[in-house]
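Chemist: Structure incoming, see below.
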Amino acid sequence: MSDAPRWDALWLDVQLATMAGDAPDGYGTIRDGAIAVRDGRIAWLGPRTALPAGAEAAEVHEGRGRWLTPGLIDCHTHVVYAGNRSDEFEARLEGASYEEIARRGGGILSTVRATRAAGKEALHAASLPRVLNLLAEGVTTLEIKSGYGLEPDTEARMLRVARGFGRRLPLRVRTTFLGAHALPPEYAGRADDYVALLCDHMLPALAQEGLVDAVDAFCERIGFTPAQTARLFDAAARLGLPVKLHAEQLSDQGGAALVARHRGLSADHLEWLSPAGIAAMVEAGTVAVLLPGAFHFLRETRLPPIEALRDAGVPLAVASDCNPGTSPMPSLLAALSLACTLFRLRPREALAGATRHAAAALGLAHEIGTLEVGKAADFALWDIERPAELCATLGFNPCSEVVVGGRARSPRLAD
């Protein structure tokens, strides 16, 4: 009996950017490579000249010299919502601040009103184009937050729509409960009562239904206090759910240190991050998720402390933060470009931020994010000359093929 491997699929003549380990070039490049898949997982990869003698595959795909990377991972999105807030875009251009708009009933609460009014089918239909745009860009894993319901029925509806995308599309979906996104109007002046509702009723019920993979909160002057956030994180811990946090976007509330104390997966935004917060993140292994879309649309001027995070060895993830008000940008490729131009990330750092480090920000580093034997066969093929092109262009999508669980498809599902 031959010992030669038998694979389900094999891609030949590809330039591999494995994004694994500490490769000298930052990409883990394997020129003139090949990658094989069996049972939805990577079974072999390496130079084409090193293919095992006699190896066979049921399907053989010619890469034609294209680059092949891990599937992109958008680890922070609010992509499921109804309505739009282009009026706020205009207001900010006329001088209104994000906090001013929020305090007069706009911002998150504007989207809450529209989302509460949308049924499940309408919410799915409104969100689907945004999800498809991300899939067309090589995104194979998508985090989707709730947080535009702020009451049990709508929060559940948002999470069910998110789960539905994972069932109906070639896409891995991770759902995050963000009930602590804003204080609903019916709880005005009673924030502690609302947090009690989240901790004692809403989160346990949604977790029991299997709708929650992680728990998030907006810890900010116009959001929730550190003490209220800690109560929610304690409730998540009782349910065995990991936590993450919108931290230090508009002010330093000590959110990064708080989420690190709870061994959180990530702290996101971080424009006002302090040295103490960085030290806490290092100790806990918490990922920094950079959101250049919100920085761009809000015309912020205070940069996250990128150099300090880099020097401390904190993993830097990059995400689209797709949402209706502060980052209406269903494009992870645009986020990569903005991360380089606005935050001065190197292209290799930005791509690692949407693959290896994004996987860690979702607690999935063991499963996705790099091209390694045994990991899920999620990858994307690109018509580019070098990986830096994915960051060096804006408004152009060179993705030509996407593979999820070893199954190839066009990145544009209508094709």
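So you can find residues: chains in the structure tokens are A, B, ... in the order shown, residues in each start at 1, and ligands are numbered from 1 in order.
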Env of Phe343 of chain A: 9 Å cut, atoms = only C-alpha atoms, seq-sep filter 5 positions within chain, self excluded. Answer as a ChimeraX atom specification.

Modeler: /A:290,292,303-304,306,338

Chemist: Store the residues of this selection in a file with N, CA and C atoms, as a short mmCIF file (atom, residue, chain, number, x, y, z; two decimals), in the first residue's frame.

Modeler:
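Written output follows (again-v5.cif):
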```cif
data_model
loop_
_atom_site.label_atom_id
_atom_site.label_comp_id
_atom_site.auth_asym_id
_atom_site.auth_seq_id
_atom_site.Cartn_x
_atom_site.Cartn_y
_atom_site.Cartn_z
N LEU A 290 -6.97 48.05 16.89
CA LEU A 290 -6.92 49.40 16.35
C LEU A 290 -8.06 49.59 15.35
N PRO A 292 -8.93 52.32 12.83
CA PRO A 292 -8.64 53.57 12.14
C PRO A 292 -9.83 54.18 11.42
N LEU A 303 -3.56 60.16 18.52
CA LEU A 303 -3.27 58.81 18.04
C LEU A 303 -3.18 57.81 19.18
N PRO A 304 -3.58 56.57 18.96
CA PRO A 304 -3.24 55.53 19.93
C PRO A 304 -1.72 55.47 20.09
N ILE A 306 0.91 53.87 19.48
CA ILE A 306 1.35 52.73 18.68
C ILE A 306 2.78 52.32 19.04
N LEU A 338 -5.80 52.57 6.04
CA LEU A 338 -5.85 53.66 7.00
C LEU A 338 -4.96 53.40 8.20
#
```

Chemist: As a compact mmCIF listing (two decimals) with all heavy atoms, in the first residue's frame, please: all residues of segment 34-282 of chain A that backbone DSSP puts in strand (DSSP E or B).

Modeler:
```txt
# COMPACT_ATOMS: atom_id res chain seq x y z
N ALA A 34 2.83 25.53 -2.50
CA ALA A 34 1.65 24.70 -2.68
C ALA A 34 1.01 24.52 -1.31
O ALA A 34 1.70 24.56 -0.27
CB ALA A 34 2.02 23.35 -3.29
N ILE A 35 -0.30 24.31 -1.31
CA ILE A 35 -1.01 24.09 -0.05
C ILE A 35 -2.10 23.06 -0.29
O ILE A 35 -2.83 23.13 -1.30
CB ILE A 35 -1.58 25.42 0.51
CG1 ILE A 35 -2.19 25.21 1.89
CG2 ILE A 35 -2.56 26.06 -0.45
CD1 ILE A 35 -2.47 26.52 2.63
N ALA A 36 -2.20 22.08 0.60
CA ALA A 36 -3.14 20.97 0.44
C ALA A 36 -4.14 20.97 1.59
O ALA A 36 -3.82 21.36 2.72
CB ALA A 36 -2.39 19.65 0.41
N VAL A 37 -5.35 20.49 1.30
CA VAL A 37 -6.45 20.49 2.25
C VAL A 37 -7.04 19.10 2.35
O VAL A 37 -7.20 18.40 1.33
CB VAL A 37 -7.54 21.49 1.80
CG1 VAL A 37 -8.78 21.35 2.68
CG2 VAL A 37 -7.02 22.91 1.82
N ARG A 38 -7.32 18.70 3.58
CA ARG A 38 -8.06 17.45 3.80
C ARG A 38 -9.01 17.67 4.98
O ARG A 38 -8.61 18.19 6.02
CB ARG A 38 -7.10 16.29 4.11
CG ARG A 38 -7.84 14.94 4.30
CD ARG A 38 -6.89 13.76 4.30
NE ARG A 38 -5.79 13.96 5.22
CZ ARG A 38 -4.53 13.63 4.94
NH1 ARG A 38 -4.22 13.11 3.77
NH2 ARG A 38 -3.57 13.84 5.83
N ARG A 41 -9.17 21.12 6.63
CA ARG A 41 -8.01 21.65 7.34
C ARG A 41 -6.77 21.58 6.45
O ARG A 41 -6.72 20.81 5.48
CB ARG A 41 -7.75 20.89 8.65
CG ARG A 41 -8.91 21.05 9.62
CD ARG A 41 -8.58 20.63 11.03
NE ARG A 41 -9.67 21.05 11.91
CZ ARG A 41 -9.74 22.21 12.53
NH1 ARG A 41 -8.74 23.09 12.38
NH2 ARG A 41 -10.76 22.53 13.28
N ILE A 42 -5.80 22.43 6.78
CA ILE A 42 -4.56 22.43 6.03
C ILE A 42 -3.79 21.15 6.35
O ILE A 42 -3.49 20.87 7.51
CB ILE A 42 -3.72 23.67 6.36
CG1 ILE A 42 -4.49 24.95 5.97
CG2 ILE A 42 -2.37 23.62 5.66
CD1 ILE A 42 -3.83 26.23 6.46
N ALA A 43 -3.52 20.37 5.32
CA ALA A 43 -2.84 19.08 5.51
C ALA A 43 -1.35 19.15 5.19
O ALA A 43 -0.57 18.34 5.71
CB ALA A 43 -3.51 18.02 4.64
N TRP A 44 -0.98 20.08 4.32
CA TRP A 44 0.44 20.22 3.95
C TRP A 44 0.61 21.58 3.29
O TRP A 44 -0.30 22.09 2.61
CB TRP A 44 0.83 19.12 2.95
CG TRP A 44 2.30 19.13 2.61
CD1 TRP A 44 3.29 18.40 3.22
CD2 TRP A 44 2.94 19.87 1.56
NE1 TRP A 44 4.51 18.68 2.65
CE2 TRP A 44 4.33 19.57 1.62
CE3 TRP A 44 2.49 20.77 0.60
CZ2 TRP A 44 5.26 20.12 0.74
CZ3 TRP A 44 3.41 21.34 -0.27
CH2 TRP A 44 4.78 21.01 -0.20
N LEU A 45 1.77 22.20 3.49
CA LEU A 45 2.13 23.38 2.72
C LEU A 45 3.64 23.50 2.69
O LEU A 45 4.35 22.99 3.58
CB LEU A 45 1.51 24.66 3.29
CG LEU A 45 2.10 25.29 4.54
CD1 LEU A 45 1.65 26.74 4.68
CD2 LEU A 45 1.70 24.51 5.78
N GLY A 46 4.13 24.13 1.64
CA GLY A 46 5.56 24.30 1.49
C GLY A 46 5.90 24.64 0.05
O GLY A 46 5.02 24.89 -0.77
N PRO A 47 7.20 24.66 -0.29
CA PRO A 47 7.59 24.88 -1.68
C PRO A 47 7.04 23.76 -2.57
O PRO A 47 6.97 22.59 -2.16
CB PRO A 47 9.12 24.84 -1.63
CG PRO A 47 9.47 25.06 -0.20
CD PRO A 47 8.36 24.49 0.60
N GLU A 56 -1.58 12.89 -4.26
CA GLU A 56 -2.72 13.08 -5.15
C GLU A 56 -3.79 13.90 -4.44
O GLU A 56 -3.89 13.89 -3.21
CB GLU A 56 -3.32 11.73 -5.56
CG GLU A 56 -2.39 10.87 -6.40
CD GLU A 56 -3.04 9.57 -6.81
OE1 GLU A 56 -4.22 9.36 -6.44
OE2 GLU A 56 -2.38 8.76 -7.49
N ALA A 57 -4.60 14.59 -5.23
CA ALA A 57 -5.71 15.37 -4.70
C ALA A 57 -6.92 15.22 -5.59
O ALA A 57 -6.79 15.14 -6.83
CB ALA A 57 -5.32 16.85 -4.58
N ALA A 58 -8.09 15.18 -4.98
CA ALA A 58 -9.32 15.08 -5.76
C ALA A 58 -9.54 16.30 -6.63
O ALA A 58 -10.10 16.20 -7.73
CB ALA A 58 -10.51 14.88 -4.81
N GLU A 59 -9.12 17.47 -6.15
CA GLU A 59 -9.21 18.70 -6.92
C GLU A 59 -7.85 19.37 -6.91
O GLU A 59 -7.22 19.49 -5.87
CB GLU A 59 -10.24 19.67 -6.31
CG GLU A 59 -11.66 19.16 -6.30
CD GLU A 59 -12.60 20.17 -5.66
OE1 GLU A 59 -12.13 21.28 -5.30
OE2 GLU A 59 -13.79 19.86 -5.50
N VAL A 60 -7.41 19.82 -8.08
CA VAL A 60 -6.15 20.55 -8.19
C VAL A 60 -6.45 21.92 -8.78
O VAL A 60 -7.07 22.03 -9.84
CB VAL A 60 -5.12 19.80 -9.07
CG1 VAL A 60 -3.85 20.62 -9.21
CG2 VAL A 60 -4.80 18.42 -8.46
N HIS A 61 -6.02 22.95 -8.06
CA HIS A 61 -6.27 24.33 -8.47
C HIS A 61 -4.95 24.98 -8.86
O HIS A 61 -3.98 24.90 -8.10
CB HIS A 61 -6.91 25.13 -7.33
CG HIS A 61 -8.19 24.54 -6.82
ND1 HIS A 61 -9.43 24.99 -7.22
CD2 HIS A 61 -8.42 23.54 -5.92
CE1 HIS A 61 -10.37 24.31 -6.59
NE2 HIS A 61 -9.79 23.42 -5.80
N GLU A 62 -4.94 25.64 -10.00
CA GLU A 62 -3.74 26.35 -10.44
C GLU A 62 -3.78 27.78 -9.91
O GLU A 62 -4.71 28.54 -10.21
CB GLU A 62 -3.66 26.35 -11.97
CG GLU A 62 -3.39 24.97 -12.56
CD GLU A 62 -2.02 24.43 -12.19
OE1 GLU A 62 -1.11 25.26 -11.90
OE2 GLU A 62 -1.84 23.20 -12.18
N TRP A 67 -0.82 35.49 -4.95
CA TRP A 67 -0.50 35.41 -3.53
C TRP A 67 -1.66 34.76 -2.78
O TRP A 67 -2.83 35.00 -3.09
CB TRP A 67 -0.22 36.79 -2.95
CG TRP A 67 1.18 37.23 -3.24
CD1 TRP A 67 1.64 37.89 -4.33
CD2 TRP A 67 2.32 37.01 -2.39
NE1 TRP A 67 2.99 38.10 -4.23
CE2 TRP A 67 3.44 37.58 -3.05
CE3 TRP A 67 2.51 36.40 -1.15
CZ2 TRP A 67 4.72 37.54 -2.51
CZ3 TRP A 67 3.79 36.37 -0.60
CH2 TRP A 67 4.87 36.93 -1.27
N LEU A 68 -1.33 33.95 -1.79
CA LEU A 68 -2.33 33.26 -0.96
C LEU A 68 -2.02 33.58 0.49
O LEU A 68 -0.92 33.32 0.98
CB LEU A 68 -2.28 31.76 -1.23
CG LEU A 68 -3.36 30.89 -0.60
CD1 LEU A 68 -3.62 29.65 -1.47
CD2 LEU A 68 -3.01 30.46 0.81
N THR A 69 -2.98 34.18 1.18
CA THR A 69 -2.83 34.56 2.58
C THR A 69 -3.88 33.82 3.42
O THR A 69 -4.86 33.28 2.88
CB THR A 69 -3.04 36.07 2.79
OG1 THR A 69 -4.44 36.37 2.60
CG2 THR A 69 -2.19 36.89 1.82
N PRO A 70 -3.73 33.82 4.73
CA PRO A 70 -4.85 33.38 5.56
C PRO A 70 -6.08 34.22 5.23
O PRO A 70 -5.97 35.39 4.83
CB PRO A 70 -4.37 33.64 6.99
CG PRO A 70 -2.89 33.73 6.90
CD PRO A 70 -2.58 34.28 5.54
N LEU A 72 -8.90 36.78 5.77
CA LEU A 72 -8.89 37.94 6.64
C LEU A 72 -9.94 37.79 7.74
O LEU A 72 -10.97 37.13 7.56
CB LEU A 72 -9.15 39.21 5.84
CG LEU A 72 -8.15 39.53 4.72
CD1 LEU A 72 -8.43 40.92 4.15
CD2 LEU A 72 -6.70 39.43 5.20
N ILE A 73 -9.66 38.41 8.87
CA ILE A 73 -10.52 38.31 10.05
C ILE A 73 -10.87 39.72 10.50
O ILE A 73 -9.99 40.50 10.86
CB ILE A 73 -9.80 37.56 11.19
CG1 ILE A 73 -9.40 36.15 10.74
CG2 ILE A 73 -10.68 37.50 12.44
CD1 ILE A 73 -8.37 35.49 11.65
N ASP A 74 -12.15 40.07 10.45
CA ASP A 74 -12.60 41.37 10.93
C ASP A 74 -13.11 41.16 12.35
O ASP A 74 -14.21 40.67 12.57
CB ASP A 74 -13.69 41.94 10.02
CG ASP A 74 -13.84 43.45 10.18
OD1 ASP A 74 -13.32 43.99 11.18
OD2 ASP A 74 -14.46 44.09 9.31
N VAL A 139 -12.57 38.33 3.58
CA VAL A 139 -12.88 38.08 4.99
C VAL A 139 -13.55 36.72 5.12
O VAL A 139 -14.56 36.45 4.46
CB VAL A 139 -13.80 39.19 5.56
CG1 VAL A 139 -14.32 38.81 6.94
CG2 VAL A 139 -13.04 40.51 5.62
N THR A 140 -12.99 35.88 5.96
CA THR A 140 -13.55 34.54 6.18
C THR A 140 -14.08 34.38 7.60
O THR A 140 -14.79 33.41 7.87
CB THR A 140 -12.51 33.46 5.90
OG1 THR A 140 -11.34 33.68 6.70
CG2 THR A 140 -12.12 33.45 4.42
N THR A 141 -13.72 35.28 8.51
CA THR A 141 -14.24 35.27 9.87
C THR A 141 -14.65 36.69 10.24
O THR A 141 -13.90 37.63 10.03
CB THR A 141 -13.20 34.75 10.88
OG1 THR A 141 -12.84 33.41 10.55
CG2 THR A 141 -13.74 34.79 12.30
N LEU A 142 -15.86 36.81 10.81
CA LEU A 142 -16.44 38.12 11.09
C LEU A 142 -17.01 38.13 12.49
O LEU A 142 -17.85 37.29 12.84
CB LEU A 142 -17.54 38.40 10.06
CG LEU A 142 -18.25 39.75 10.12
CD1 LEU A 142 -17.27 40.89 9.87
CD2 LEU A 142 -19.39 39.78 9.10
N GLU A 143 -16.55 39.08 13.31
CA GLU A 143 -17.17 39.31 14.60
C GLU A 143 -18.31 40.29 14.41
O GLU A 143 -18.16 41.30 13.71
CB GLU A 143 -16.13 39.88 15.58
CG GLU A 143 -16.63 40.01 17.01
CD GLU A 143 -17.00 41.44 17.41
OE1 GLU A 143 -17.19 42.29 16.50
OE2 GLU A 143 -17.10 41.71 18.61
N ILE A 144 -19.47 39.99 15.01
CA ILE A 144 -20.64 40.86 14.89
C ILE A 144 -21.18 41.12 16.30
O ILE A 144 -21.52 40.19 17.02
CB ILE A 144 -21.74 40.24 14.01
CG1 ILE A 144 -21.20 39.93 12.61
CG2 ILE A 144 -22.95 41.17 13.93
CD1 ILE A 144 -22.20 39.23 11.70
N LYS A 145 -21.30 42.39 16.66
CA LYS A 145 -21.79 42.77 17.97
C LYS A 145 -23.29 43.09 17.93
O LYS A 145 -23.81 43.54 16.92
CB LYS A 145 -21.05 44.02 18.47
CG LYS A 145 -19.53 43.86 18.55
CD LYS A 145 -18.88 45.14 19.04
CE LYS A 145 -17.36 45.08 18.89
NZ LYS A 145 -16.74 44.06 19.75
N ARG A 172 -17.30 32.32 8.88
CA ARG A 172 -17.31 32.02 10.31
C ARG A 172 -17.73 33.29 11.04
O ARG A 172 -17.14 34.34 10.85
CB ARG A 172 -15.92 31.57 10.78
CG ARG A 172 -15.41 30.32 10.09
CD ARG A 172 -14.02 29.92 10.57
NE ARG A 172 -13.48 28.90 9.69
CZ ARG A 172 -13.71 27.59 9.84
NH1 ARG A 172 -14.46 27.17 10.85
NH2 ARG A 172 -13.20 26.71 9.00
N VAL A 173 -18.75 33.20 11.88
CA VAL A 173 -19.26 34.35 12.61
C VAL A 173 -19.05 34.12 14.10
O VAL A 173 -19.36 33.05 14.63
CB VAL A 173 -20.76 34.57 12.32
CG1 VAL A 173 -21.35 35.59 13.29
CG2 VAL A 173 -20.95 35.04 10.88
N ARG A 174 -18.52 35.14 14.77
CA ARG A 174 -18.43 35.17 16.23
C ARG A 174 -19.32 36.31 16.72
O ARG A 174 -19.19 37.46 16.27
CB ARG A 174 -16.99 35.40 16.69
CG ARG A 174 -16.04 34.34 16.22
CD ARG A 174 -16.31 32.98 16.83
NE ARG A 174 -15.83 32.91 18.21
CZ ARG A 174 -15.89 31.80 18.95
NH1 ARG A 174 -16.44 30.69 18.45
NH2 ARG A 174 -15.42 31.79 20.18
N THR A 175 -20.21 36.00 17.63
CA THR A 175 -21.16 36.99 18.12
C THR A 175 -20.73 37.54 19.48
O THR A 175 -20.26 36.80 20.34
CB THR A 175 -22.56 36.39 18.25
OG1 THR A 175 -22.49 35.20 19.05
CG2 THR A 175 -23.14 36.05 16.89
N THR A 176 -20.89 38.84 19.64
CA THR A 176 -20.52 39.51 20.88
C THR A 176 -21.72 40.28 21.42
O THR A 176 -22.34 41.07 20.69
CB THR A 176 -19.35 40.48 20.64
OG1 THR A 176 -18.21 39.73 20.22
CG2 THR A 176 -18.99 41.22 21.92
N PHE A 177 -22.04 40.06 22.69
CA PHE A 177 -23.15 40.77 23.34
C PHE A 177 -22.65 42.12 23.82
O PHE A 177 -21.75 42.23 24.65
CB PHE A 177 -23.67 39.96 24.53
CG PHE A 177 -24.72 40.67 25.33
CD1 PHE A 177 -25.94 41.01 24.76
CD2 PHE A 177 -24.50 41.01 26.66
CE1 PHE A 177 -26.91 41.68 25.50
CE2 PHE A 177 -25.46 41.66 27.41
CZ PHE A 177 -26.67 41.99 26.83
N LEU A 178 -23.24 43.18 23.28
CA LEU A 178 -22.87 44.55 23.62
C LEU A 178 -24.09 45.30 24.15
O LEU A 178 -24.40 46.42 23.76
CB LEU A 178 -22.27 45.26 22.39
CG LEU A 178 -21.72 46.67 22.57
CD1 LEU A 178 -20.68 46.77 23.66
CD2 LEU A 178 -21.18 47.20 21.25
N GLY A 179 -24.81 44.65 25.06
CA GLY A 179 -25.95 45.33 25.67
C GLY A 179 -25.56 46.59 26.41
O GLY A 179 -26.35 47.53 26.52
N ALA A 180 -24.32 46.63 26.90
CA ALA A 180 -23.80 47.83 27.58
C ALA A 180 -23.14 48.75 26.57
O ALA A 180 -21.96 49.12 26.69
CB ALA A 180 -22.82 47.43 28.67
N ALA A 214 -18.92 36.15 23.24
CA ALA A 214 -18.12 37.03 24.08
C ALA A 214 -19.01 38.19 24.53
O ALA A 214 -20.10 38.41 24.00
CB ALA A 214 -16.89 37.54 23.33
N VAL A 215 -18.49 38.96 25.50
CA VAL A 215 -19.24 40.08 26.08
C VAL A 215 -18.38 41.34 25.98
O VAL A 215 -17.18 41.31 26.30
CB VAL A 215 -19.62 39.80 27.54
CG1 VAL A 215 -20.28 41.01 28.17
CG2 VAL A 215 -20.53 38.58 27.61
N ASP A 216 -18.98 42.43 25.56
CA ASP A 216 -18.30 43.71 25.36
C ASP A 216 -19.08 44.80 26.09
O ASP A 216 -20.24 44.59 26.49
CB ASP A 216 -18.23 44.00 23.85
CG ASP A 216 -17.25 45.09 23.48
OD1 ASP A 216 -16.68 45.74 24.38
OD2 ASP A 216 -17.06 45.32 22.27
N ALA A 217 -18.45 45.96 26.27
CA ALA A 217 -19.11 47.12 26.86
C ALA A 217 -18.43 48.38 26.35
O ALA A 217 -17.29 48.33 25.87
CB ALA A 217 -19.05 47.05 28.38
N PHE A 218 -19.14 49.50 26.48
CA PHE A 218 -18.60 50.81 26.12
C PHE A 218 -18.31 51.54 27.43
O PHE A 218 -19.20 52.12 28.05
CB PHE A 218 -19.61 51.56 25.26
CG PHE A 218 -19.13 52.89 24.74
CD1 PHE A 218 -17.83 53.09 24.34
CD2 PHE A 218 -20.02 53.96 24.63
CE1 PHE A 218 -17.39 54.32 23.84
CE2 PHE A 218 -19.61 55.19 24.13
CZ PHE A 218 -18.29 55.37 23.74
N CYS A 219 -17.07 51.48 27.86
CA CYS A 219 -16.65 52.11 29.13
C CYS A 219 -16.16 53.52 28.82
O CYS A 219 -15.03 53.70 28.35
CB CYS A 219 -15.56 51.26 29.79
SG CYS A 219 -15.04 51.85 31.41
N PHE A 224 -20.60 53.58 30.10
CA PHE A 224 -20.75 52.96 31.40
C PHE A 224 -19.47 53.13 32.21
O PHE A 224 -18.37 53.16 31.66
CB PHE A 224 -21.12 51.48 31.24
CG PHE A 224 -22.48 51.30 30.62
CD1 PHE A 224 -22.63 51.29 29.24
CD2 PHE A 224 -23.61 51.21 31.41
CE1 PHE A 224 -23.89 51.17 28.66
CE2 PHE A 224 -24.87 51.10 30.85
CZ PHE A 224 -25.01 51.07 29.46
N VAL A 243 -14.37 38.23 27.69
CA VAL A 243 -14.78 39.63 27.59
C VAL A 243 -13.79 40.41 26.74
O VAL A 243 -12.64 40.02 26.53
CB VAL A 243 -14.91 40.28 28.98
CG1 VAL A 243 -15.98 39.59 29.79
CG2 VAL A 243 -13.56 40.26 29.73
N LYS A 244 -14.27 41.56 26.25
CA LYS A 244 -13.47 42.53 25.51
C LYS A 244 -14.07 43.89 25.82
O LYS A 244 -15.14 43.97 26.44
CB LYS A 244 -13.48 42.24 24.02
CG LYS A 244 -14.86 42.07 23.42
CD LYS A 244 -14.81 41.73 21.95
CE LYS A 244 -14.07 40.43 21.74
NZ LYS A 244 -13.91 40.12 20.30
N LEU A 245 -13.45 44.97 25.39
CA LEU A 245 -13.94 46.27 25.82
C LEU A 245 -13.62 47.37 24.82
O LEU A 245 -12.50 47.47 24.31
CB LEU A 245 -13.31 46.63 27.18
CG LEU A 245 -13.87 47.88 27.88
CD1 LEU A 245 -15.33 47.70 28.24
CD2 LEU A 245 -13.06 48.20 29.14
N HIS A 246 -14.63 48.25 24.58
CA HIS A 246 -14.39 49.55 23.97
C HIS A 246 -13.71 50.41 25.05
O HIS A 246 -14.35 50.80 26.02
CB HIS A 246 -15.71 50.22 23.57
CG HIS A 246 -16.38 49.64 22.38
ND1 HIS A 246 -16.84 48.34 22.33
CD2 HIS A 246 -16.69 50.20 21.17
CE1 HIS A 246 -17.41 48.12 21.15
NE2 HIS A 246 -17.33 49.24 20.43
N ALA A 247 -12.44 50.69 24.89
CA ALA A 247 -11.68 51.32 25.97
C ALA A 247 -10.90 52.52 25.47
O ALA A 247 -10.30 52.48 24.39
CB ALA A 247 -10.71 50.30 26.58
N SER A 266 -9.47 41.42 24.32
CA SER A 266 -8.96 42.61 23.63
C SER A 266 -9.45 43.88 24.30
O SER A 266 -10.49 43.89 24.97
CB SER A 266 -9.38 42.61 22.15
OG SER A 266 -10.79 42.81 22.03
N ALA A 267 -8.69 44.94 24.08
CA ALA A 267 -9.12 46.31 24.38
C ALA A 267 -9.08 47.06 23.06
O ALA A 267 -8.08 47.02 22.35
CB ALA A 267 -8.19 46.96 25.40
N ASP A 268 -10.16 47.76 22.71
CA ASP A 268 -10.34 48.29 21.36
C ASP A 268 -10.49 49.82 21.37
O ASP A 268 -11.13 50.38 22.26
CB ASP A 268 -11.59 47.67 20.74
CG ASP A 268 -11.56 46.15 20.72
OD1 ASP A 268 -10.86 45.55 21.56
OD2 ASP A 268 -12.26 45.54 19.89
N HIS A 269 -9.93 50.46 20.38
CA HIS A 269 -9.84 51.91 20.17
C HIS A 269 -8.51 52.43 20.73
O HIS A 269 -7.57 52.62 19.99
CB HIS A 269 -11.02 52.68 20.77
CG HIS A 269 -12.27 52.58 19.97
ND1 HIS A 269 -12.42 53.14 18.73
CD2 HIS A 269 -13.45 51.99 20.25
CE1 HIS A 269 -13.63 52.91 18.27
NE2 HIS A 269 -14.27 52.19 19.17
```

Chemist: Could you pull the residues within 10 Å of Pro170 of chain A, counting only C-alpha atoms, minus those fewer than 6 positions along the same chain, as a list in words?

Modeler: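 Contacts, with the query itself left out: Leu135, Val139, Thr140, Thr141, Val402, Val403, Val404, Gly405, Arg407, Ala408, Arg409, Pro411 and Leu413 of chain A.
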
Chemist: Write a file of the just-selected residues containing N, CA, C and O atoms, as a compact mmCIF listing (two decimals), in the first residue's frame.

Modeler:
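Listed below is the output, selection_26.txt:
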```
# COMPACT_ATOMS: atom_id res chain seq x y z
N LEU A 135 -17.06 39.94 2.69
CA LEU A 135 -16.70 38.63 2.14
C LEU A 135 -15.96 38.78 0.82
O LEU A 135 -15.02 38.02 0.54
N VAL A 139 -12.57 38.33 3.58
CA VAL A 139 -12.88 38.08 4.99
C VAL A 139 -13.55 36.72 5.12
O VAL A 139 -14.56 36.45 4.46
N THR A 140 -12.99 35.88 5.96
CA THR A 140 -13.55 34.54 6.18
C THR A 140 -14.08 34.38 7.60
O THR A 140 -14.79 33.41 7.87
N THR A 141 -13.72 35.28 8.51
CA THR A 141 -14.24 35.27 9.87
C THR A 141 -14.65 36.69 10.24
O THR A 141 -13.90 37.63 10.03
N VAL A 402 -11.69 32.88 -2.64
CA VAL A 402 -11.74 32.70 -1.19
C VAL A 402 -12.03 31.23 -0.90
O VAL A 402 -12.83 30.60 -1.59
N VAL A 403 -11.35 30.71 0.10
CA VAL A 403 -11.54 29.32 0.52
C VAL A 403 -11.91 29.32 1.99
O VAL A 403 -11.21 29.91 2.82
N VAL A 404 -13.03 28.68 2.32
CA VAL A 404 -13.48 28.57 3.70
C VAL A 404 -13.71 27.10 4.01
O VAL A 404 -14.49 26.44 3.32
N GLY A 405 -13.00 26.60 5.00
CA GLY A 405 -13.12 25.18 5.34
C GLY A 405 -12.73 24.28 4.19
O GLY A 405 -13.27 23.17 4.04
N ARG A 407 -13.23 24.78 1.01
CA ARG A 407 -14.12 24.88 -0.15
C ARG A 407 -13.92 26.22 -0.84
O ARG A 407 -14.09 27.28 -0.23
N ALA A 408 -13.61 26.18 -2.12
CA ALA A 408 -13.30 27.39 -2.88
C ALA A 408 -14.59 28.03 -3.40
O ALA A 408 -15.56 27.34 -3.73
N ARG A 409 -14.57 29.35 -3.49
CA ARG A 409 -15.68 30.09 -4.08
C ARG A 409 -15.16 31.40 -4.63
O ARG A 409 -14.08 31.87 -4.27
N PRO A 411 -15.06 35.33 -4.61
CA PRO A 411 -15.30 36.26 -3.50
C PRO A 411 -16.60 37.03 -3.65
O PRO A 411 -17.10 37.57 -2.67
N LEU A 413 -20.31 36.47 -4.30
CA LEU A 413 -21.18 35.30 -4.27
C LEU A 413 -22.16 35.27 -5.42
O LEU A 413 -22.73 34.24 -5.74
```

Chemist: By how many Å are atom CA of Leu371 of chain A and atom CA of Asp25 of chain A apart?

Modeler: 15.5 Å

Chemist: Counting only C-alpha atoms, which of A:Met202, A:Leu197, A:Val259, A:Cys391 gets nearest to Glu283 of chain A?

Modeler: A:Val259

Chemist: Please, which residues in segment 272-347 of chain A fall within 6 Å of segment 75-87 of chain A when counting only C-alpha atoms, and what is the closest atom pair and distance in Å to one decimal for each, ordered by chain then residue number, as JSON lines?

Modeler:
```
{"residue": "A:Ala319", "atom": "CA", "partner": "A:His76", "partner_atom": "CA", "distance": 5.5}
{"residue": "A:Asp321", "atom": "CA", "partner": "A:Thr77", "partner_atom": "CA", "distance": 4.4}
{"residue": "A:Cys322", "atom": "CA", "partner": "A:Thr77", "partner_atom": "CA", "distance": 4.9}
{"residue": "A:Asn323", "atom": "CA", "partner": "A:His78", "partner_atom": "CA", "distance": 4.9}
{"residue": "A:Pro324", "atom": "CA", "partner": "A:Asn84", "partner_atom": "CA", "distance": 5.6}
{"residue": "A:Gly325", "atom": "CA", "partner": "A:Arg85", "partner_atom": "CA", "distance": 5.5}
```

Chemist: Write out as a ChimeraX atom specification the set of residues from segment 236-396 of chain A that DSSP, computed on the backbone, places in helix (DSSP H, G or I).

Modeler: /A:236-238,255-261,275-284,292-297,306-312,332-343,347-353,356-361,389-392

Chemist: Please identify all polymer residues within 8 Å of segment 273-278 of chain A, counting only C-alpha atoms, omitting same-chain residues fewer than 6 positions from it, and present them as a PyMOL selection string.

Modeler: chain A and resi 247-248+252+254-257+304-305+308-309+312+314
